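What follows is the content of final.cif, which has mmCIF, C-alpha atoms:
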```
data_target
loop_
_atom_site.label_atom_id
_atom_site.label_comp_id
_atom_site.auth_asym_id
_atom_site.auth_seq_id
_atom_site.Cartn_x
_atom_site.Cartn_y
_atom_site.Cartn_z
CA MET A 279 -3.99 37.98 -24.47
CA LYS A 280 -0.79 39.99 -24.69
CA LEU A 281 2.66 38.39 -24.65
CA THR A 282 4.16 40.91 -22.23
CA THR A 283 4.89 44.58 -22.15
CA ASP A 284 4.08 46.19 -18.84
CA VAL A 285 4.77 43.27 -16.50
CA THR A 286 7.11 43.44 -13.58
CA GLN A 287 9.60 40.98 -15.00
CA PRO A 288 11.25 41.29 -18.40
CA LEU A 289 10.36 38.63 -20.90
CA GLU A 290 13.99 37.52 -21.21
CA GLU A 291 14.24 36.90 -17.47
CA ARG A 292 11.09 34.81 -17.46
CA VAL A 293 12.19 32.75 -20.46
CA ALA A 294 15.58 32.18 -18.84
CA ARG A 295 13.82 31.06 -15.66
CA ILE A 296 11.61 28.67 -17.62
CA GLU A 297 14.71 27.25 -19.32
CA SER A 298 16.47 26.80 -15.98
CA ILE A 299 13.48 25.09 -14.34
CA LEU A 300 12.97 22.82 -17.36
CA ALA A 301 16.61 21.76 -17.14
CA ARG A 302 16.15 20.82 -13.48
CA ILE A 303 12.94 18.92 -14.26
CA ALA A 304 14.73 17.11 -17.10
CA SER A 305 17.45 16.07 -14.66
CA GLY A 306 14.81 14.36 -12.51
CA ASP A 307 13.86 17.00 -9.97
CA PHE A 308 10.10 16.91 -10.43
CA THR A 309 9.47 19.11 -7.40
CA GLN A 310 10.54 22.16 -9.39
CA ARG A 311 7.83 24.72 -10.16
CA ILE A 312 8.03 27.98 -12.05
CA PRO A 313 7.14 30.69 -9.54
CA LEU A 314 4.27 32.81 -10.81
CA ASP A 315 4.31 36.53 -10.29
CA GLU A 316 1.02 37.99 -9.09
CA ASN A 317 1.32 40.73 -11.67
CA ASP A 318 2.10 38.55 -14.65
CA GLU A 319 -0.78 37.16 -16.58
CA ASP A 320 -0.13 36.71 -20.26
CA ALA A 321 0.50 34.05 -22.87
CA LEU A 322 3.69 33.05 -21.13
CA THR A 323 1.76 32.41 -17.90
CA THR A 324 -0.20 29.71 -19.71
CA ILE A 325 3.08 28.04 -20.67
CA GLU A 326 4.48 28.44 -17.15
CA VAL A 327 1.39 26.89 -15.58
CA GLY A 328 1.43 24.14 -18.24
CA ILE A 329 5.03 23.30 -17.34
CA ASN A 330 4.09 23.25 -13.66
CA PHE A 331 1.24 20.82 -14.37
CA MET A 332 3.63 18.66 -16.40
CA ALA A 333 6.16 18.63 -13.52
CA GLN A 334 3.32 17.77 -11.15
CA ASP A 335 2.29 14.82 -13.34
CA LEU A 336 5.88 13.62 -13.62
CA HIS A 337 6.23 13.87 -9.84
CA ASP A 338 3.02 11.90 -9.24
CA LEU A 339 3.87 9.25 -11.85
CA PHE A 340 7.38 8.87 -10.46
CA ALA A 341 6.01 8.53 -6.93
CA ALA A 342 3.47 5.97 -8.13
CA ASN A 343 6.21 4.01 -9.92
CA MET A 344 8.40 4.06 -6.83
CA ALA A 345 5.50 2.84 -4.72
CA GLN A 346 4.79 0.09 -7.24
CA GLN A 347 8.46 -0.87 -7.29
CA ALA A 348 8.56 -1.04 -3.51
CA LYS A 349 5.43 -3.21 -3.58
CA LEU A 350 6.98 -5.55 -6.14
CA LEU A 351 10.20 -5.79 -4.13
CA ALA A 352 8.19 -6.62 -1.03
CA GLN A 353 6.27 -9.29 -2.96
CA ARG A 354 9.52 -10.71 -4.32
CA GLN A 355 10.97 -10.85 -0.81
CA GLU A 356 7.81 -12.56 0.37
CA ILE A 357 8.12 -15.16 -2.40
CA GLU A 358 11.81 -15.71 -1.64
CA ASP A 359 11.03 -16.15 2.06
CA GLY A 360 8.27 -18.58 1.10
CA LEU A 361 10.63 -20.57 -1.11
CA LYS A 362 13.23 -20.72 1.68
CA LEU A 363 10.57 -21.98 4.09
CA LEU A 364 9.41 -24.47 1.50
CA ALA A 365 12.97 -25.73 1.00
CA MET A 366 13.40 -26.12 4.76
CA LYS A 367 10.12 -28.02 4.99
CA GLN A 368 11.13 -30.14 2.02
CA ALA A 369 14.42 -31.00 3.74
CA THR A 370 12.54 -31.92 6.90
CA ILE A 371 10.09 -34.07 4.95
CA THR A 372 12.97 -35.77 3.11
CA ALA A 373 14.72 -36.52 6.40
CA LEU A 374 11.51 -37.86 7.90
CA SER A 375 10.74 -39.94 4.82
CA THR A 376 13.85 -42.08 5.19
CA PRO A 377 14.45 -42.47 8.91
CA VAL A 378 17.03 -45.06 9.90
CA ILE A 379 16.28 -46.29 13.41
CA GLN A 380 17.82 -48.89 15.69
CA VAL A 381 15.30 -51.64 16.51
CA TRP A 382 17.55 -54.05 18.33
CA GLN A 383 21.14 -54.46 19.32
CA ASP A 384 23.23 -54.17 16.13
CA VAL A 385 20.12 -54.09 13.98
CA LEU A 386 18.87 -50.99 12.12
CA CYS A 387 15.57 -50.55 10.36
CA LEU A 388 14.52 -48.38 7.44
CA PRO A 389 10.71 -48.17 7.39
CA LEU A 390 9.52 -46.95 4.01
CA VAL A 391 6.18 -45.19 3.58
CA GLY A 392 4.46 -43.86 0.48
CA SER A 393 5.96 -44.07 -2.97
CA ILE A 394 9.58 -44.02 -4.08
CA ASP A 395 10.72 -41.91 -6.99
CA ALA A 396 14.26 -41.52 -8.35
CA ALA A 397 15.11 -38.60 -6.02
CA ARG A 398 13.85 -40.40 -2.94
CA ALA A 399 15.63 -43.61 -4.01
CA THR A 400 18.95 -41.76 -4.18
CA GLU A 401 18.30 -40.06 -0.85
CA MET A 402 17.31 -43.40 0.69
CA THR A 403 20.46 -45.17 -0.53
CA GLU A 404 22.74 -42.35 0.65
CA ARG A 405 21.17 -42.14 4.10
CA VAL A 406 21.19 -45.91 4.63
CA ILE A 407 24.82 -46.27 3.54
CA ALA A 408 25.81 -43.37 5.81
CA ALA A 409 23.94 -44.91 8.75
CA VAL A 410 25.47 -48.35 8.17
CA ASP A 411 28.94 -46.87 7.79
CA ARG A 412 28.48 -44.91 11.02
CA ALA A 413 26.85 -47.58 13.23
CA LYS A 414 28.37 -50.69 11.59
CA PRO A 415 25.35 -52.85 12.49
CA HIS A 416 25.09 -56.53 12.00
CA GLY A 417 21.76 -56.34 10.24
CA MET A 418 19.48 -53.95 8.40
CA ILE A 419 15.73 -54.40 7.95
CA ILE A 420 14.19 -52.53 5.05
CA ASP A 421 10.49 -52.55 5.86
CA ILE A 422 8.19 -51.90 2.91
CA THR A 423 4.87 -52.36 4.73
CA GLY A 424 4.02 -48.71 4.04
CA ILE A 425 4.90 -48.72 0.35
CA ASN A 426 1.59 -48.15 -1.41
CA GLN A 427 2.73 -48.81 -4.94
CA MET A 428 5.55 -51.02 -6.19
CA ASP A 429 6.69 -50.32 -9.72
CA GLU A 430 9.88 -51.14 -11.60
CA ALA A 431 11.71 -48.00 -10.42
CA CYS A 432 10.73 -48.66 -6.83
CA ALA A 433 11.80 -52.29 -6.98
CA SER A 434 15.07 -51.36 -8.65
CA ALA A 435 15.77 -48.74 -5.96
CA LEU A 436 15.03 -51.28 -3.25
CA VAL A 437 17.35 -53.90 -4.74
CA GLY A 438 20.07 -51.30 -5.31
CA THR A 439 19.97 -50.10 -1.70
CA ALA A 440 19.95 -53.63 -0.32
CA ARG A 441 22.99 -54.61 -2.42
CA ALA A 442 24.89 -51.49 -1.41
CA VAL A 443 24.30 -52.29 2.27
CA ARG A 444 25.44 -55.89 1.77
CA LEU A 445 28.65 -54.66 0.21
CA LEU A 446 29.35 -52.94 3.55
CA GLY A 447 29.17 -56.31 5.32
CA CYS A 448 25.71 -55.88 6.75
CA GLU A 449 23.05 -58.54 6.41
CA VAL A 450 19.91 -57.18 4.78
CA VAL A 451 16.34 -58.37 5.26
CA ILE A 452 13.31 -56.99 3.48
CA SER A 453 10.13 -57.15 5.53
CA GLY A 454 6.53 -56.18 5.01
CA VAL A 455 6.22 -58.02 1.71
CA SER A 456 2.53 -58.54 1.16
CA PRO A 457 1.25 -61.16 -1.30
CA LEU A 458 0.30 -58.42 -3.73
CA VAL A 459 3.75 -56.79 -3.55
CA ALA A 460 5.42 -60.21 -3.86
CA GLN A 461 3.38 -60.89 -6.98
CA THR A 462 4.34 -57.50 -8.41
CA LEU A 463 8.02 -58.01 -7.65
CA VAL A 464 7.98 -61.36 -9.40
CA GLY A 465 6.17 -59.81 -12.33
CA LEU A 466 8.80 -57.09 -12.55
CA GLY A 467 11.58 -59.62 -12.40
CA ALA A 468 13.18 -58.06 -9.36
CA ASP A 469 16.18 -60.13 -8.34
CA PHE A 470 16.75 -60.05 -4.58
CA GLY A 471 19.39 -62.78 -4.78
CA ALA A 472 20.45 -63.84 -1.30
CA ILE A 473 18.46 -61.15 0.43
CA ALA A 474 15.92 -62.68 2.80
CA THR A 475 12.36 -61.44 2.64
CA HIS A 476 9.64 -61.64 5.30
CA ARG A 477 5.96 -60.83 5.48
CA THR A 478 6.05 -58.61 8.55
CA LEU A 479 8.52 -56.39 10.37
CA TRP A 480 8.27 -58.70 13.35
CA ASP A 481 9.29 -61.63 11.15
CA GLY A 482 12.22 -59.62 9.88
CA LEU A 483 13.33 -58.76 13.41
CA ARG A 484 12.91 -62.37 14.52
CA HIS A 485 15.21 -63.35 11.65
CA PHE A 486 18.05 -61.58 13.46
CA ILE A 487 16.98 -62.62 16.98
CA ASP A 488 16.90 -66.31 15.97
CA GLY A 489 20.17 -65.95 14.10
CA ARG A 490 21.81 -64.37 17.17
CA ARG A 491 20.64 -67.27 19.42
CA GLY A 492 22.22 -69.76 17.04
CA GLN A 493 25.54 -68.00 16.52
CA SER A 494 28.59 -68.90 18.59
CA VAL A 495 30.89 -66.18 17.39
CA PRO A 496 30.17 -62.67 18.63
CA ALA A 497 28.50 -60.59 15.94
CA VAL A 498 31.27 -58.02 15.83
CA GLU A 499 33.91 -60.65 15.19
CA ARG A 500 31.76 -62.27 12.51
CA ARG A 501 31.34 -58.93 10.80
CA ARG A 502 35.07 -58.37 10.85
CA SER A 503 35.70 -61.78 9.24
CA ARG A 504 33.24 -60.99 6.48
CA ILE A 505 34.93 -57.68 5.68
CA MET B 32 -6.14 23.40 23.87
CA THR B 33 -8.81 22.28 21.43
CA ASN B 34 -9.76 24.86 18.89
CA VAL B 35 -13.47 24.75 18.14
CA LEU B 36 -13.02 26.70 14.93
CA ARG B 37 -10.59 24.37 13.29
CA PRO B 38 -10.47 20.59 13.59
CA PRO B 39 -7.16 18.78 13.10
CA ARG B 40 -6.12 18.89 9.47
CA GLY B 41 -6.07 15.14 9.18
CA ASN B 42 -9.59 14.77 10.47
CA LEU B 43 -11.17 14.49 7.03
CA ASP B 44 -12.36 10.92 7.54
CA GLY B 45 -15.90 10.53 6.30
CA VAL B 46 -16.30 14.19 5.36
CA GLU B 47 -18.19 14.64 2.10
CA VAL B 48 -19.31 17.55 -0.04
CA ARG B 49 -22.50 17.92 -2.06
CA GLY B 50 -22.25 17.21 -5.78
CA GLU B 51 -23.78 20.63 -6.50
CA VAL B 52 -20.97 22.36 -4.62
CA LEU B 53 -18.29 20.19 -6.20
CA ALA B 54 -19.65 20.83 -9.69
CA GLY B 55 -19.94 24.56 -9.06
CA THR B 56 -16.41 24.73 -7.68
CA VAL B 57 -14.99 22.81 -10.62
CA ASP B 58 -16.84 25.13 -13.02
CA ALA B 59 -15.38 28.09 -11.15
CA MET B 60 -11.89 26.87 -12.03
CA GLY B 61 -12.31 28.36 -15.48
CA SER B 62 -9.35 27.50 -17.68
CA TYR B 63 -8.22 24.89 -15.12
CA ARG B 64 -11.56 23.10 -15.14
CA ALA B 65 -10.34 20.32 -17.47
CA ARG B 66 -7.27 19.84 -15.35
CA ALA B 67 -9.37 19.70 -12.19
CA LEU B 68 -11.57 16.99 -13.73
CA VAL B 69 -8.46 14.94 -14.61
CA ILE B 70 -7.18 15.25 -11.04
CA LEU B 71 -10.57 14.30 -9.63
CA GLU B 72 -10.76 11.30 -11.96
CA ARG B 73 -7.36 10.09 -10.77
CA LEU B 74 -8.71 10.38 -7.24
CA GLY B 75 -11.64 8.17 -8.14
CA VAL B 76 -14.27 10.85 -8.79
CA THR B 77 -15.22 9.94 -12.35
CA SER B 78 -18.44 11.92 -12.60
CA VAL B 79 -19.99 14.69 -10.56
CA ARG B 80 -23.75 14.64 -10.12
CA ALA B 81 -26.17 16.80 -8.20
CA GLY B 82 -27.74 14.98 -5.30
CA GLN B 83 -24.66 12.84 -4.74
CA TRP B 84 -21.97 13.20 -2.09
CA TYR B 85 -18.21 13.10 -2.76
CA PRO B 86 -15.14 12.89 -0.52
CA LEU B 87 -14.05 16.38 0.44
CA ALA B 88 -10.45 15.15 0.46
CA ALA B 89 -10.65 14.75 -3.33
CA LEU B 90 -11.74 18.37 -3.80
CA LEU B 91 -9.06 19.65 -1.39
CA THR B 92 -6.35 17.66 -3.18
CA THR B 93 -7.55 19.15 -6.46
CA PHE B 94 -7.33 22.63 -4.92
CA GLU B 95 -3.80 21.93 -3.68
CA LYS B 96 -2.65 20.77 -7.10
CA ILE B 97 -4.22 23.70 -8.93
CA GLU B 98 -2.66 26.15 -6.48
CA ASP B 99 0.68 24.35 -6.63
CA ALA B 100 0.85 24.73 -10.41
CA ALA B 101 -1.14 27.88 -11.14
CA GLY B 102 -0.35 29.89 -8.05
CA ALA B 103 -2.24 31.59 -5.26
CA ARG B 104 -3.93 33.99 -7.66
CA ALA B 105 -5.67 31.12 -9.45
CA MET B 106 -7.05 29.77 -6.20
CA ARG B 107 -8.22 33.22 -5.10
CA ARG B 108 -10.01 33.54 -8.42
CA VAL B 109 -11.81 30.24 -7.87
CA GLY B 110 -13.11 31.49 -4.51
CA ALA B 111 -14.13 34.78 -6.08
CA THR B 112 -15.99 33.04 -8.90
CA VAL B 113 -17.85 30.79 -6.46
CA ALA B 114 -18.93 33.85 -4.43
CA SER B 115 -19.91 35.78 -7.58
CA THR B 116 -22.02 33.03 -9.04
CA ALA B 117 -23.69 31.90 -5.81
CA VAL B 118 -27.35 32.68 -5.42
CA TRP B 119 -27.80 34.47 -2.12
CA PRO B 120 -31.03 33.96 -0.24
CA ASP B 121 -33.33 36.83 0.57
CA GLY B 122 -32.36 38.68 3.69
CA ILE B 123 -28.66 38.71 2.95
CA ASP B 124 -28.11 42.41 2.57
CA SER B 125 -25.03 43.21 4.62
CA LEU B 126 -21.42 42.12 4.89
CA GLU B 127 -22.10 40.66 8.34
CA ALA B 128 -25.11 38.71 7.08
CA ALA B 129 -23.22 37.48 4.03
CA LEU B 130 -20.05 36.34 5.79
CA SER B 131 -21.99 34.93 8.74
CA SER B 132 -24.11 32.87 6.36
CA ILE B 133 -21.04 31.15 4.93
CA ASP B 134 -20.62 28.99 8.04
CA VAL B 135 -24.24 27.87 7.75
CA ALA B 136 -23.82 27.15 4.03
CA TYR B 137 -20.58 25.29 4.77
CA HIS B 138 -22.39 23.01 7.20
CA MET B 139 -25.40 22.60 4.90
CA ASN B 140 -23.18 21.42 2.05
CA HIS B 141 -20.94 19.01 3.92
CA ARG B 142 -21.59 15.95 5.99
CA ARG B 143 -19.57 13.48 8.04
CA ASN B 144 -20.08 9.72 7.99
CA GLY B 145 -23.41 10.21 6.25
CA ARG B 146 -24.72 12.58 8.92
CA GLU B 147 -25.84 15.96 7.64
CA LEU B 148 -24.57 18.92 9.64
CA PHE B 149 -27.51 21.25 9.44
CA ASP B 150 -30.88 20.61 11.05
CA GLY B 151 -33.51 22.07 8.73
CA ALA B 152 -36.22 21.70 11.36
CA THR B 153 -34.46 23.79 13.98
CA GLY B 154 -32.33 25.86 11.62
CA GLN B 155 -29.30 24.97 13.69
CA ILE B 156 -25.84 23.75 12.76
CA VAL B 157 -25.05 20.22 13.91
CA GLU B 158 -21.48 20.02 15.20
CA GLY B 159 -19.57 17.69 12.95
CA GLY B 160 -15.95 18.61 13.60
CA ILE B 161 -15.45 20.28 10.23
CA GLY B 162 -14.49 23.71 11.60
CA HIS B 163 -16.26 27.03 11.45
CA ASP B 164 -15.99 30.40 9.76
CA VAL B 165 -16.74 33.35 12.04
CA PHE B 166 -17.32 37.01 11.26
CA LEU B 167 -16.42 39.60 13.88
CA PRO B 168 -18.04 42.92 12.97
CA ALA B 169 -16.28 46.27 13.36
CA LYS B 170 -16.58 47.93 16.71
CA PRO B 171 -18.62 51.12 16.75
CA GLY B 172 -16.68 53.90 15.10
CA GLU B 173 -14.10 51.55 13.56
CA ARG B 174 -13.80 50.54 9.93
CA THR B 175 -12.14 47.17 10.36
CA ALA B 176 -13.84 43.80 10.70
CA LEU B 177 -12.34 40.35 11.04
CA TYR B 178 -13.31 37.15 9.30
CA ILE B 179 -11.77 34.07 10.90
CA CYS B 180 -11.86 30.87 8.82
CA GLY B 181 -11.39 27.45 10.33
CA SER B 182 -12.92 25.40 7.53
CA PHE B 183 -10.95 22.87 5.50
CA TYR B 184 -10.85 25.17 2.47
CA PRO B 185 -7.64 26.87 1.24
CA ASP B 186 -6.68 30.33 2.51
CA GLN B 187 -6.65 31.83 -0.96
CA PHE B 188 -10.07 30.37 -1.79
CA ASP B 189 -11.62 32.02 1.26
CA LEU B 190 -9.75 35.22 0.51
CA GLY B 191 -11.28 35.35 -2.97
CA MET B 192 -14.75 34.72 -1.55
CA ALA B 193 -14.33 37.34 1.17
CA GLU B 194 -13.07 39.94 -1.33
CA VAL B 195 -16.11 39.49 -3.57
CA LEU B 196 -18.58 39.51 -0.69
CA ALA B 197 -16.92 42.48 1.01
CA ASN B 198 -17.36 44.52 -2.16
CA LYS B 199 -20.80 43.17 -2.99
CA PHE B 200 -22.12 44.00 0.48
CA LYS B 201 -20.09 47.10 1.30
CA PRO B 202 -20.64 48.61 4.71
CA ALA B 203 -22.60 51.85 4.65
CA GLY B 204 -20.42 54.73 3.59
CA ALA B 205 -17.59 52.53 2.35
CA ASP B 206 -16.02 53.44 -0.98
CA LYS B 207 -13.65 50.56 -1.44
CA VAL B 208 -13.29 47.52 0.76
CA THR B 209 -10.03 45.59 1.02
CA VAL B 210 -9.47 42.15 2.45
CA GLU B 211 -6.08 40.77 3.38
CA ILE B 212 -4.71 37.90 5.38
CA ASP B 213 -3.43 38.92 8.81
CA ALA B 214 0.19 37.81 8.40
CA SER B 215 0.93 38.46 12.06
CA LYS B 216 -1.14 35.41 13.01
CA PRO B 217 -0.74 31.74 12.07
CA ILE B 218 -2.55 30.70 8.92
CA ARG B 219 -3.95 27.34 7.85
CA ALA B 220 -1.60 27.00 4.90
CA SER B 221 1.31 26.96 7.36
CA GLY B 222 -0.34 24.60 9.80
CA GLY B 223 -2.28 27.15 11.82
CA ALA B 224 -5.72 26.34 13.18
CA THR B 225 -7.38 29.29 11.50
CA THR B 226 -6.67 32.10 9.09
CA THR B 227 -7.69 35.63 9.99
CA TYR B 228 -8.77 38.02 7.26
CA VAL B 229 -8.77 41.75 7.96
CA ILE B 230 -11.53 43.65 6.17
CA ARG B 231 -10.98 47.41 5.91
CA TRP B 232 -13.01 50.16 4.35
#
```

Do you think you could lay out the structure here as structure tokens?
Amino acid sequence: MKLTTDVTQPLEERVARIESILARIASGDFTQRIPLDENDEDALTTIEVGINFMAQDLHDLFAANMAQQAKLLAQRQEIEDGLKLLAMKQATITALSTPVIQVWQDVLCLPLVGSIDAARATEMTERVIAAVDRAKPHGMIIDITGINQMDEACASALVGTARAVRLLGCEVVISGVSPLVAQTLVGLGADFGAIATHRTLWDGLRHFIDGRRGQSVPAVERRRSRI
Amino acid sequence: MTNVLRPPRGNLDGVEVRGEVLAGTVDAMGSYRARALVILERLGVTSVRAGQWYPLAALLTTFEKIEDAAGARAMRRVGATVASTAVWPDGIDSLEAALSSIDVAYHMNHRRNGRELFDGATGQIVEGGIGHDVFLPAKPGERTALYICGSFYPDQFDLGMAEVLANKFKPAGADKVTVEIDASKPIRASGGATTTYVIRW
């Protein structure tokens, strides 16, 4: 195979063209190809074709990388969207897990279901205090019928919430205390102090109904005097 | 208007080529054979075996890449090598017979969705939407014939084949036969439905 003698393009021109194309490929333009003259077929042609194959490979690899990058970005977006949705659902679940509802005139109720961890205890206390501050009720029933497990942290959270509510001038009653839970609370040494406890929610509600029948001073005025 | 010679370019779904043809074509790539095998491997064709069928799209992509890097001449040479090394059946003794037989061979060696496109019992082509190659012989007294290709194969590949066959089966009295693409008409490489080759002697 000859290097070049009787070809249509001088060797210098072809080398300069190779240099120029290589510079453009090096700068990231992988679509560049060395044009091949129909009349040139020598050792340099092998190099020119080799460079073209290299540029082709770089182009394909770059395209594959870009496609992969786009795929990863899409996956990341999908994960971020999923996390946002999860956070929204978590917020909804948190709100639903500590609902404060009015069960009678001037009486609110916080029905607790499931288990109470530190995060839920904090959320519970904050929501109850906010509700009491907003509605200024006479009484608050914390119903623990749905609490499936009573441990020290749970009992402590319960006592803490009840005391905080009392400090706002609201009478607190804990209802739904089953014999098993009562036994556990005693075992844990939970001190409910002056907080009344009842076996059922109905008993807790009746506590306020009976109290209202017996009182002579309107509830609002009594609350004011306590504060 | 639907062109019966050339199906839409994108209509390669389910079109396959015989392993024998794929292997022969890859061998015909000469110094680019190794490169062609690498390209095919990247396209999922890891081994080529006789008796097996392979996606035609993989072979066409390989052709495109070889032509992109090594130029039109390289692709023409592949077509020429395929035509030179092919074993021609008895009875093929003229340019018309040779170029007319290519369409039959094209349909015998390709299939769509598992359906073969040549009925051996009747000796007829089964229409499979893969295009056709047609030879139009010279009119009496003229020395120009036309070969119109509507197959999926590259223009330069068919040009190389036609050049070899035109010189192998020269018309009576012809000294030298030339084949060139009719540039006045649309060609497949530029999106045309067919490519017309003018054969002169």

CA of Leu351 in chain A to CA of Met366 in chain A, distance in Å rounded to a single decimal: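 So the answer is 22.4 Å.
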
Distance-based interface of chain A with chain B, 6 Å, counting all atoms listed in the file, as a VMD selection string: chain A and resid 327 330 to 331

Straight-line distance linking CA of Phe200 in chain B with CA of Ala114 in chain B, stated in Å to one decimal: 11.7 Å

Selection result for the PyMOL selection byres ((chain A and resi 400) around 12) on this file, as a ChimeraX atom specification: /A:372,376,394-399,401-407,431-432,434-436,438-439,442

Result set, the PyMOL selection byres ((chain B and resi 54-61) around 10) on current file, as a PyMOL selection string: chain B and resi 49-53+62-68+71+78-81+90+93-94+97+105-106+108-117

Residues selected by the PyMOL selection byres ((chain A and resi 422) around 9), written as a VMD selection string: chain A and resid 388 to 391 420 to 421 423 to 426 452 to 456 479

Gap from CA of Cys180 in chain B to CA of Ser221 in chain B - Å, one decimal: 13.8 Å

Residue among A:Ile371, A:Ile325, A:Leu446, A:Gly306 lying closest to Ala341 in chain A, counting all atoms listed in the file: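 Under the stated criterion, the closest residue is A:Gly306.
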
Nearest to Leu190 in chain B, chosen from B:Ser125, B:Thr227, B:Ser132, B:Thr153, with only C-alpha atoms counted in the distances: B:Thr227

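Excluding Ile123 in chain B itself and any same-chain residue fewer than 6 positions from it, the protein and nucleic acid residues within 12 Å of it, counting all atoms listed in the file, are Ala129, Leu130, Ser131, Ser132, Ile133, Leu196, Lys199 and Phe200 of chain B.
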
Can you tell me, as AutoDock Vina command-line options, the centre and edge lengths (Å, one decimal) of the axis-aligned box enclosing all of range 342-359 of chain A's listed atoms after padding each side by 5 Å?
```
--center_x 7.6 --center_y -5.1 --center_z -3.9 --size_x 18.3 --size_y 32.1 --size_z 22.0
```

Residue nearest Asp338 in chain A among A:Gln427, A:Gln353, A:Gln368, A:Thr309 (counting all atoms listed in the file):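 Closest to Asp338 in chain A of all the choices is A:Thr309.
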
Top pick for closest residue to Glu95 in chain B, considering A:Gln334, A:Phe470, A:Arg490, A:Ile296 and counting only C-alpha atoms: A:Gln334

Nearby residues (only C-alpha atoms) at most 10 Å from Ala220 in chain B, same-chain spacing under 2 positions excluded, as a list in words: Tyr184, Pro185, Asp186, Gln187, Pro217, Ile218, Gly222, Gly223, Ala224, Thr225 and Thr226 of chain B

Close residues, Leu483 in chain A itself excluded, 9 Å, all atoms listed in the file, min 3 positions apart in chain, as a PyMOL selection string: chain A and resi 381-382+385+419+451+453+478-480+486-488

Nearest to Leu336 in chain A by atom-to-atom distance, counting all atoms listed in the file, from A:Gln310, A:Thr370, A:Thr462, A:Gln287: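 Between A:Gln310, A:Thr370, A:Thr462, A:Gln287, the residue approaching Leu336 in chain A most closely is A:Gln310.
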
Proximity to Ile212 in chain B - best of B:Ala176, B:Ile230, B:Val195, B:Ala128, all atoms listed in the file: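 For Ile212 in chain B, the nearest of the given residues is B:Ile230.
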
Close residues, Lys201 in chain B itself excluded, 10 Å, only C-alpha atoms, min 4 positions apart in chain, as a ChimeraX atom specification: /B:124-127,195-197,205-208,232

Exercise: residues within 10 Å of coordinate (9.5, 30.7, -7.6), counting all atoms listed in the file, as a list of chain:residue names: A:Arg295, A:Ile299, A:Gln310, A:Arg311, A:Ile312, A:Pro313, A:Leu314, A:Asp315, B:Gly102

Residues within 7 Å of (-25.7, 19.9, 11.3), counting only C-alpha atoms, listed as number ranges by chain: B: 138-139, 147-150, 155-159

Can you sort out range 475-484 of chain A so it carries N, CA, C and O atoms, written as a tab-separated table (two decimals), keeping the file's coordinate frame?
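Final file, selection23.tsv:
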```tsv
chain	number	residue	atom	x	y	z
A	475	THR	N	13.57	-62.26	2.58
A	475	THR	CA	12.36	-61.44	2.64
A	475	THR	C	11.38	-62.05	3.62
A	475	THR	O	11.33	-63.27	3.79
A	476	HIS	N	10.62	-61.19	4.31
A	476	HIS	CA	9.64	-61.64	5.30
A	476	HIS	C	8.35	-60.86	5.14
A	476	HIS	O	8.35	-59.74	4.64
A	477	ARG	N	7.27	-61.47	5.65
A	477	ARG	CA	5.96	-60.83	5.48
A	477	ARG	C	5.77	-59.62	6.38
A	477	ARG	O	5.16	-58.63	5.99
A	478	THR	N	6.28	-59.72	7.61
A	478	THR	CA	6.05	-58.61	8.55
A	478	THR	C	7.38	-58.13	9.12
A	478	THR	O	8.40	-58.83	9.05
A	479	LEU	N	7.33	-56.96	9.72
A	479	LEU	CA	8.52	-56.39	10.37
A	479	LEU	C	8.96	-57.28	11.52
A	479	LEU	O	10.15	-57.49	11.76
A	480	TRP	N	7.95	-57.81	12.21
A	480	TRP	CA	8.27	-58.70	13.35
A	480	TRP	C	9.03	-59.93	12.86
A	480	TRP	O	10.02	-60.36	13.48
A	481	ASP	N	8.59	-60.47	11.73
A	481	ASP	CA	9.29	-61.63	11.15
A	481	ASP	C	10.73	-61.26	10.80
A	481	ASP	O	11.66	-62.05	11.00
A	482	GLY	N	10.89	-60.08	10.26
A	482	GLY	CA	12.22	-59.62	9.88
A	482	GLY	C	13.12	-59.49	11.10
A	482	GLY	O	14.29	-59.88	11.08
A	483	LEU	N	12.55	-58.93	12.18
A	483	LEU	CA	13.33	-58.76	13.41
A	483	LEU	C	13.67	-60.12	14.02
A	483	LEU	O	14.79	-60.34	14.51
A	484	ARG	N	12.68	-61.04	13.96
A	484	ARG	CA	12.91	-62.37	14.52
A	484	ARG	C	14.02	-63.10	13.77
A	484	ARG	O	14.74	-63.91	14.32
```
